[in-house]
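What follows is the content of work14.cif (mmCIF, C-alpha atoms).
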data_target
loop_
_atom_site.group_PDB
_atom_site.id
_atom_site.type_symbol
_atom_site.label_atom_id
_atom_site.label_comp_id
_atom_site.auth_asym_id
_atom_site.auth_seq_id
_atom_site.Cartn_x
_atom_site.Cartn_y
_atom_site.Cartn_z
ATOM 1 C CA MET A 22 21.969 -60.998 54.345
ATOM 2 C CA VAL A 23 25.320 -59.894 55.758
ATOM 3 C CA ALA A 24 23.886 -58.156 58.855
ATOM 4 C CA GLU A 25 21.991 -61.311 59.760
ATOM 5 C CA SER A 26 25.062 -63.540 59.573
ATOM 6 C CA ILE A 27 27.451 -61.169 61.330
ATOM 7 C CA PHE A 28 25.390 -59.614 64.077
ATOM 8 C CA SER A 29 22.403 -61.880 64.681
ATOM 9 C CA GLN A 30 23.868 -65.365 64.885
ATOM 10 C CA GLY A 31 26.555 -66.652 67.191
ATOM 11 C CA GLN A 32 27.645 -66.585 70.801
ATOM 12 C CA MET A 33 25.885 -63.908 72.842
ATOM 13 C CA PRO A 34 27.561 -63.793 76.246
ATOM 14 C CA THR A 35 25.893 -61.933 79.095
ATOM 15 C CA LEU A 36 27.373 -58.721 80.451
ATOM 16 C CA LYS A 37 28.491 -60.703 83.496
ATOM 17 C CA GLU A 38 30.348 -63.158 81.220
ATOM 18 C CA VAL A 39 31.970 -60.304 79.258
ATOM 19 C CA LEU A 40 33.163 -58.637 82.457
ATOM 20 C CA ALA A 41 34.416 -61.940 83.877
ATOM 21 C CA SER A 42 36.277 -62.605 80.622
ATOM 22 C CA ARG A 43 37.908 -59.165 80.808
ATOM 23 C CA GLU A 44 39.042 -59.874 84.370
ATOM 24 C CA GLN A 45 40.358 -63.344 83.442
ATOM 25 C CA ARG A 46 42.197 -61.855 80.441
ATOM 26 C CA ALA A 47 43.925 -59.266 82.652
ATOM 27 C CA PHE A 48 44.988 -62.008 85.090
ATOM 28 C CA PHE A 49 46.181 -64.231 82.218
ATOM 29 C CA GLU A 50 48.152 -61.364 80.641
ATOM 30 C CA GLU A 51 49.849 -60.646 83.950
ATOM 31 C CA GLU A 52 50.749 -64.309 84.453
ATOM 32 C CA ILE A 53 52.176 -64.563 80.926
ATOM 33 C CA SER A 54 54.215 -61.402 81.484
ATOM 34 C CA LYS A 55 55.585 -62.641 84.806
ATOM 35 C CA THR A 56 56.517 -65.989 83.264
ATOM 36 C CA ASN A 57 58.208 -64.211 80.349
ATOM 37 C CA ALA A 58 59.937 -61.340 82.154
ATOM 38 C CA ASN A 59 62.059 -58.950 80.054
ATOM 39 C CA GLN A 60 59.950 -59.745 76.999
ATOM 40 C CA THR A 61 56.941 -58.141 75.327
ATOM 41 C CA LEU A 62 53.377 -59.481 75.308
ATOM 42 C CA ILE A 63 51.066 -58.829 72.366
ATOM 43 C CA ALA A 64 47.337 -59.389 72.964
ATOM 44 C CA LEU A 65 44.903 -59.230 70.037
ATOM 45 C CA LYS A 66 41.132 -59.223 70.182
ATOM 46 C CA CYS A 67 38.360 -58.059 67.848
ATOM 47 C CA ASN A 68 36.213 -54.933 68.148
ATOM 48 C CA ILE A 69 32.706 -56.296 67.598
ATOM 49 C CA PRO A 70 29.818 -54.125 68.848
ATOM 50 C CA GLY A 71 26.569 -55.666 69.987
ATOM 51 C CA PRO A 72 25.553 -58.861 71.732
ATOM 52 C CA VAL A 73 27.123 -61.364 69.287
ATOM 53 C CA LYS A 74 30.790 -61.684 70.181
ATOM 54 C CA TYR A 75 31.752 -64.923 68.455
ATOM 55 C CA ASN A 76 30.758 -66.694 65.260
ATOM 56 C CA ALA A 77 32.458 -67.952 62.088
ATOM 57 C CA ILE A 78 32.825 -64.436 60.688
ATOM 58 C CA VAL A 79 34.356 -63.041 63.888
ATOM 59 C CA ARG A 80 36.737 -66.010 63.840
ATOM 60 C CA GLN A 81 37.794 -65.116 60.275
ATOM 61 C CA ILE A 82 38.345 -61.487 61.280
ATOM 62 C CA SER A 83 40.503 -62.694 64.167
ATOM 63 C CA GLU A 84 42.506 -64.973 61.855
ATOM 64 C CA ILE A 85 43.311 -61.995 59.614
ATOM 65 C CA GLY A 86 44.539 -60.061 62.651
ATOM 66 C CA ILE A 87 46.645 -63.005 63.787
ATOM 67 C CA GLN A 88 48.164 -63.307 60.295
ATOM 68 C CA GLU A 89 48.985 -59.591 60.344
ATOM 69 C CA VAL A 90 50.681 -59.890 63.760
ATOM 70 C CA LYS A 91 52.635 -62.965 62.662
ATOM 71 C CA ALA A 92 53.730 -61.171 59.472
ATOM 72 C CA ALA A 93 55.019 -58.222 61.542
ATOM 73 C CA ILE A 94 56.890 -60.625 63.839
ATOM 74 C CA GLU A 95 58.474 -62.390 60.867
ATOM 75 C CA LYS A 96 59.319 -59.130 59.071
ATOM 76 C CA ASN A 97 61.053 -57.775 62.173
ATOM 77 C CA LYS A 98 62.699 -61.131 62.948
ATOM 78 C CA TRP A 99 61.436 -61.127 66.529
ATOM 79 C CA LYS A 100 61.840 -64.360 68.455
ATOM 80 C CA VAL A 101 58.529 -65.838 69.675
ATOM 81 C CA THR A 102 58.777 -67.399 73.133
ATOM 82 C CA TYR A 103 55.078 -68.041 73.810
ATOM 83 C CA GLU A 104 51.877 -68.206 71.762
ATOM 84 C CA LYS A 105 48.267 -69.050 72.565
ATOM 85 C CA LEU A 106 44.883 -68.645 70.851
ATOM 86 C CA MET A 107 41.720 -68.903 72.904
ATOM 87 C CA ASP A 108 38.322 -69.269 71.241
ATOM 88 C CA LEU A 109 35.906 -67.962 73.834
ATOM 89 C CA ASP A 110 32.196 -67.150 73.740
ATOM 90 C CA THR A 111 33.260 -63.546 74.383
ATOM 91 C CA GLY A 112 35.424 -63.596 71.245
ATOM 92 C CA PRO A 113 38.747 -64.984 70.111
ATOM 93 C CA GLU A 114 41.854 -63.802 71.946
ATOM 94 C CA TYR A 115 45.403 -64.252 70.697
ATOM 95 C CA PHE A 116 48.512 -63.866 72.844
ATOM 96 C CA VAL A 117 52.117 -63.947 71.714
ATOM 97 C CA VAL A 118 55.317 -63.056 73.560
ATOM 98 C CA VAL A 119 58.295 -61.741 71.631
ATOM 99 C CA ASP A 120 61.845 -61.100 72.742
ATOM 100 C CA THR A 121 62.184 -57.434 71.782
ATOM 101 C CA TYR A 122 61.462 -53.882 72.888
ATOM 102 C CA PRO A 123 57.818 -52.993 73.614
ATOM 103 C CA THR A 124 57.908 -49.649 71.782
ATOM 104 C CA ALA A 125 58.956 -51.345 68.531
ATOM 105 C CA VAL A 126 56.136 -53.860 68.972
ATOM 106 C CA LYS A 127 53.582 -51.112 69.675
ATOM 107 C CA GLN A 128 54.674 -49.262 66.528
ATOM 108 C CA ALA A 129 54.088 -52.441 64.503
ATOM 109 C CA ALA A 130 50.687 -52.906 66.194
ATOM 110 C CA ILE A 131 49.696 -49.350 65.294
ATOM 111 C CA MET A 132 50.684 -49.975 61.677
ATOM 112 C CA ILE A 133 48.333 -52.988 61.631
ATOM 113 C CA GLU A 134 45.455 -51.156 63.333
ATOM 114 C CA ASP A 135 45.809 -48.025 61.176
ATOM 115 C CA GLY A 136 47.203 -49.588 57.997
ATOM 116 C CA SER A 137 43.931 -50.740 56.446
ATOM 117 C CA PRO A 138 40.212 -50.424 57.116
ATOM 118 C CA ILE A 139 40.002 -53.984 58.523
ATOM 119 C CA GLY A 140 42.742 -53.068 61.014
ATOM 120 C CA GLN A 141 40.127 -50.922 62.752
ATOM 121 C CA LEU A 142 38.403 -54.152 63.808
ATOM 122 C CA PHE A 143 41.392 -55.236 65.948
ATOM 123 C CA THR A 144 42.622 -54.107 69.314
ATOM 124 C CA ILE A 145 46.287 -54.969 69.671
ATOM 125 C CA SER A 146 47.586 -54.290 73.159
ATOM 126 C CA VAL A 147 51.283 -54.384 74.033
ATOM 127 C CA PHE A 148 52.513 -55.055 77.568
ATOM 128 C CA TYR A 149 55.769 -55.408 79.433
ATOM 129 C CA LEU A 150 56.724 -55.984 83.034
ATOM 130 C CA GLU A 151 58.533 -53.261 84.980
ATOM 131 C CA GLU A 152 59.510 -53.859 88.597
ATOM 132 C CA GLY A 153 56.888 -56.619 88.805
ATOM 133 C CA LYS A 154 54.096 -54.402 87.461
ATOM 134 C CA MET A 155 52.282 -54.761 84.127
ATOM 135 C CA ILE A 156 52.666 -51.727 81.879
ATOM 136 C CA GLU A 157 50.655 -51.230 78.677
ATOM 137 C CA VAL A 158 52.360 -49.183 75.966
ATOM 138 C CA GLN A 159 50.042 -46.346 74.926
ATOM 139 C CA ARG A 160 50.000 -44.748 71.479
ATOM 140 C CA MET A 161 50.512 -41.222 72.752
ATOM 141 C CA GLU A 162 53.541 -42.260 74.846
ATOM 142 C CA ILE A 163 55.425 -43.047 71.645
ATOM 143 C CA GLY A 164 54.234 -40.065 69.606
ATOM 144 C CA TYR A 165 51.100 -41.383 67.890
ATOM 145 C CA GLU A 166 47.631 -39.889 67.828
ATOM 146 C CA PRO A 167 44.743 -41.701 69.546
ATOM 147 C CA ARG A 168 42.805 -44.192 67.423
ATOM 148 C CA LYS A 169 40.314 -42.634 65.037
ATOM 149 C CA CYS A 170 36.645 -43.516 64.842
ATOM 150 C CA MET A 171 35.817 -45.681 61.824
ATOM 151 C CA ILE A 172 32.658 -43.626 61.214
ATOM 152 C CA CYS A 173 33.671 -39.960 61.561
ATOM 153 C CA GLY A 174 37.447 -39.957 62.002
ATOM 154 C CA ASP A 175 37.369 -38.209 65.381
ATOM 155 C CA ASP A 176 39.044 -39.604 68.504
ATOM 156 C CA THR A 177 37.528 -43.071 69.119
ATOM 157 C CA PHE A 178 37.505 -42.574 72.886
ATOM 158 C CA GLU A 179 35.341 -39.451 72.579
ATOM 159 C CA CYS A 180 32.893 -41.145 70.202
ATOM 160 C CA GLU A 181 32.564 -44.206 72.451
ATOM 161 C CA ASN A 182 32.099 -42.182 75.630
ATOM 162 C CA SER A 183 29.470 -39.909 74.092
ATOM 163 C CA SER A 184 27.712 -42.785 72.253
ATOM 164 C CA ARG A 185 27.897 -40.568 69.176
ATOM 165 C CA HIS A 186 27.200 -43.430 66.768
ATOM 166 C CA SER A 187 24.477 -46.042 67.036
ATOM 167 C CA ARG A 188 25.350 -49.726 67.136
ATOM 168 C CA ASP A 189 23.476 -50.113 63.826
ATOM 169 C CA GLU A 190 25.622 -47.401 62.221
ATOM 170 C CA ILE A 191 28.825 -49.056 63.455
ATOM 171 C CA GLN A 192 27.678 -52.507 62.318
ATOM 172 C CA LYS A 193 26.872 -51.176 58.825
ATOM 173 C CA LYS A 194 30.353 -49.664 58.660
ATOM 174 C CA ILE A 195 31.869 -53.013 59.658
ATOM 175 C CA GLU A 196 29.836 -54.741 56.924
ATOM 176 C CA SER A 197 31.184 -52.213 54.430
ATOM 177 C CA ILE A 198 34.781 -52.734 55.608
ATOM 178 C CA LEU A 199 34.461 -56.522 55.311
ATOM 179 C CA ALA A 200 32.841 -56.340 51.874
ATOM 180 C CA GLU A 201 35.542 -53.964 50.640
ATOM 181 C CA ASP A 202 38.392 -56.025 52.112
ATOM 182 C CA GLY A 203 37.091 -59.271 50.621
ATOM 183 C CA ARG A 204 39.044 -61.732 52.773
ATOM 184 C CA VAL A 205 36.140 -62.720 55.020
ATOM 185 C CA ARG A 206 33.511 -65.128 53.682
ATOM 186 C CA LEU A 207 30.225 -63.490 54.576
ATOM 187 C CA ASP A 208 27.913 -66.437 53.926
#
Translate the structure described by the file into structure tokens.
Amino acid sequence: MVAESIFSQGQMPTLKEVLASREQRAFFEEEISKTNANQTLIALKCNIPGPVKYNAIVRQISEIGIQEVKAAIEKNKWKVTYEKLMDLDTGPEYFVVVDTYPTAVKQAAIMIEDGSPIGQLFTISVFYLEEGKMIEVQRMEIGYEPRKCMICGDDTFECENSSRHSRDEIQKKIESILAEDGRVRLD
């Protein structure tokens, strides 16, 4: 069954490991940005609720996101100056630095996240360095609405903070998105 293969099997990092990974990612992103000053960092990870953060299906989801980012880079003819994929127990993470303006990159990221149902399974963050400090480009700063919840269409932040939807409900929606999209092998 799909739910079994997606959400019951795979790497189940502890909360401590997830938090440590988040901290290491922030440090890594800052180091990449400092090394590639005056350029834009794109960081992609998957939105996977529950204890399983990495398995073959999550890897396939990540690969689709990476392909989408690479297609946007190619379409816009941005020069890539750095690229790295990390397969971690806490989930795959993809980093790429491009030599262009961060607002243009964030617009492309929003088009990926909002452009199809599977885009809702990615978080694509865009960073740049200003006066030695990491800045993340936010949707609302460039005239876009906050991300919408894949279940009800309301502001994702509000749904997450109020725990409006159960993990089971979100996982069933993800199963539906993957089945509809058809690019991920679910067996």
Residues selected by the PyMOL selection byres ((chain A and resi 91) around 12), written as a ChimeraX atom specification: /A:63,65,84-90,92-101,104,115-119,126,129-130,133
Restricting it to C-alpha atoms, dump the selection as a short mmCIF file (atom, residue, chain, number, x, y, z; two decimals), in the frame of the given file.
data_model
loop_
_atom_site.label_atom_id
_atom_site.label_comp_id
_atom_site.auth_asym_id
_atom_site.auth_seq_id
_atom_site.Cartn_x
_atom_site.Cartn_y
_atom_site.Cartn_z
CA ILE A 63 51.07 -58.83 72.37
CA LEU A 65 44.90 -59.23 70.04
CA GLU A 84 42.51 -64.97 61.86
CA ILE A 85 43.31 -62.00 59.61
CA GLY A 86 44.54 -60.06 62.65
CA ILE A 87 46.64 -63.00 63.79
CA GLN A 88 48.16 -63.31 60.30
CA GLU A 89 48.98 -59.59 60.34
CA VAL A 90 50.68 -59.89 63.76
CA ALA A 92 53.73 -61.17 59.47
CA ALA A 93 55.02 -58.22 61.54
CA ILE A 94 56.89 -60.62 63.84
CA GLU A 95 58.47 -62.39 60.87
CA LYS A 96 59.32 -59.13 59.07
CA ASN A 97 61.05 -57.78 62.17
CA LYS A 98 62.70 -61.13 62.95
CA TRP A 99 61.44 -61.13 66.53
CA LYS A 100 61.84 -64.36 68.46
CA VAL A 101 58.53 -65.84 69.68
CA GLU A 104 51.88 -68.21 71.76
CA TYR A 115 45.40 -64.25 70.70
CA PHE A 116 48.51 -63.87 72.84
CA VAL A 117 52.12 -63.95 71.71
CA VAL A 118 55.32 -63.06 73.56
CA VAL A 119 58.30 -61.74 71.63
CA VAL A 126 56.14 -53.86 68.97
CA ALA A 129 54.09 -52.44 64.50
CA ALA A 130 50.69 -52.91 66.19
CA ILE A 133 48.33 -52.99 61.63
#
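CA of Asp120 in chain A is found 9.0 Å from CA of Asn57 in chain A.
When the PyMOL selection byres ((chain A and resi 187-195) around 10) is evaluated against the file, it yields Val23, Ala24, Ile27, Phe28, Asn68, Ile69, Pro70, Gly71, Pro138, Ile139, Gln141, Leu142, Cys170, Met171, Ile172, Glu181, Ser184, Arg185, His186, Glu196, Ser197, Ile198, Leu199, Ala200 and Glu201 of chain A.
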Given the PyMOL selection byres ((chain A and resi 167) around 12), the residues it picks as a ChimeraX atom specification: /A:131,134-135,159-166,168-170,174-180
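With CA of Asn59 in chain A on one side and CA of Met107 in chain A on the other, the separation reads 23.7 Å.
The space separating CA of Arg46 in chain A from CA of Glu151 in chain A comes to 19.0 Å.
Distances from A:Glu157, A:Arg204, A:Ser146, A:Gln30 to Ala77 in chain A were compared using all atoms listed in the file, and the smallest one belongs to A:Gln30.
Taking only C-alpha atoms into account, Val79 in chain A lies nearest to A:Leu109 out of the set A:Ala58, A:Leu40, A:Leu109, A:Met132.
For the residues A:Asp208, A:Thr111, A:Phe148, A:Leu62, ranking by smallest atom-to-atom distance to Lys37 in chain A using all atoms listed in the file places A:Thr111 first.
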May I have the residues within 12 Å of Glu38 in chain A as a compact mmCIF listing (two decimals) with C-alpha atoms, keeping the file's coordinate frame, using only C-alpha atoms and disregarding those fewer than 3 positions away in the same chain?
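Wrote it out as out26.txt, contents follow:
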# COMPACT_ATOMS: atom_id res chain seq x y z
CA GLN A 32 27.64 -66.58 70.80
CA MET A 33 25.88 -63.91 72.84
CA PRO A 34 27.56 -63.79 76.25
CA THR A 35 25.89 -61.93 79.10
CA ALA A 41 34.42 -61.94 83.88
CA SER A 42 36.28 -62.60 80.62
CA ARG A 43 37.91 -59.16 80.81
CA GLU A 44 39.04 -59.87 84.37
CA GLN A 45 40.36 -63.34 83.44
CA ARG A 46 42.20 -61.86 80.44
CA PRO A 72 25.55 -58.86 71.73
CA LYS A 74 30.79 -61.68 70.18
CA LEU A 109 35.91 -67.96 73.83
CA ASP A 110 32.20 -67.15 73.74
CA THR A 111 33.26 -63.55 74.38
CA GLY A 112 35.42 -63.60 71.24
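The nearest approach to Ala125 in chain A among the residues A:Val147, A:Cys173, A:Cys67, A:Leu207, with all atoms listed in the file taken into account, belongs to A:Val147.
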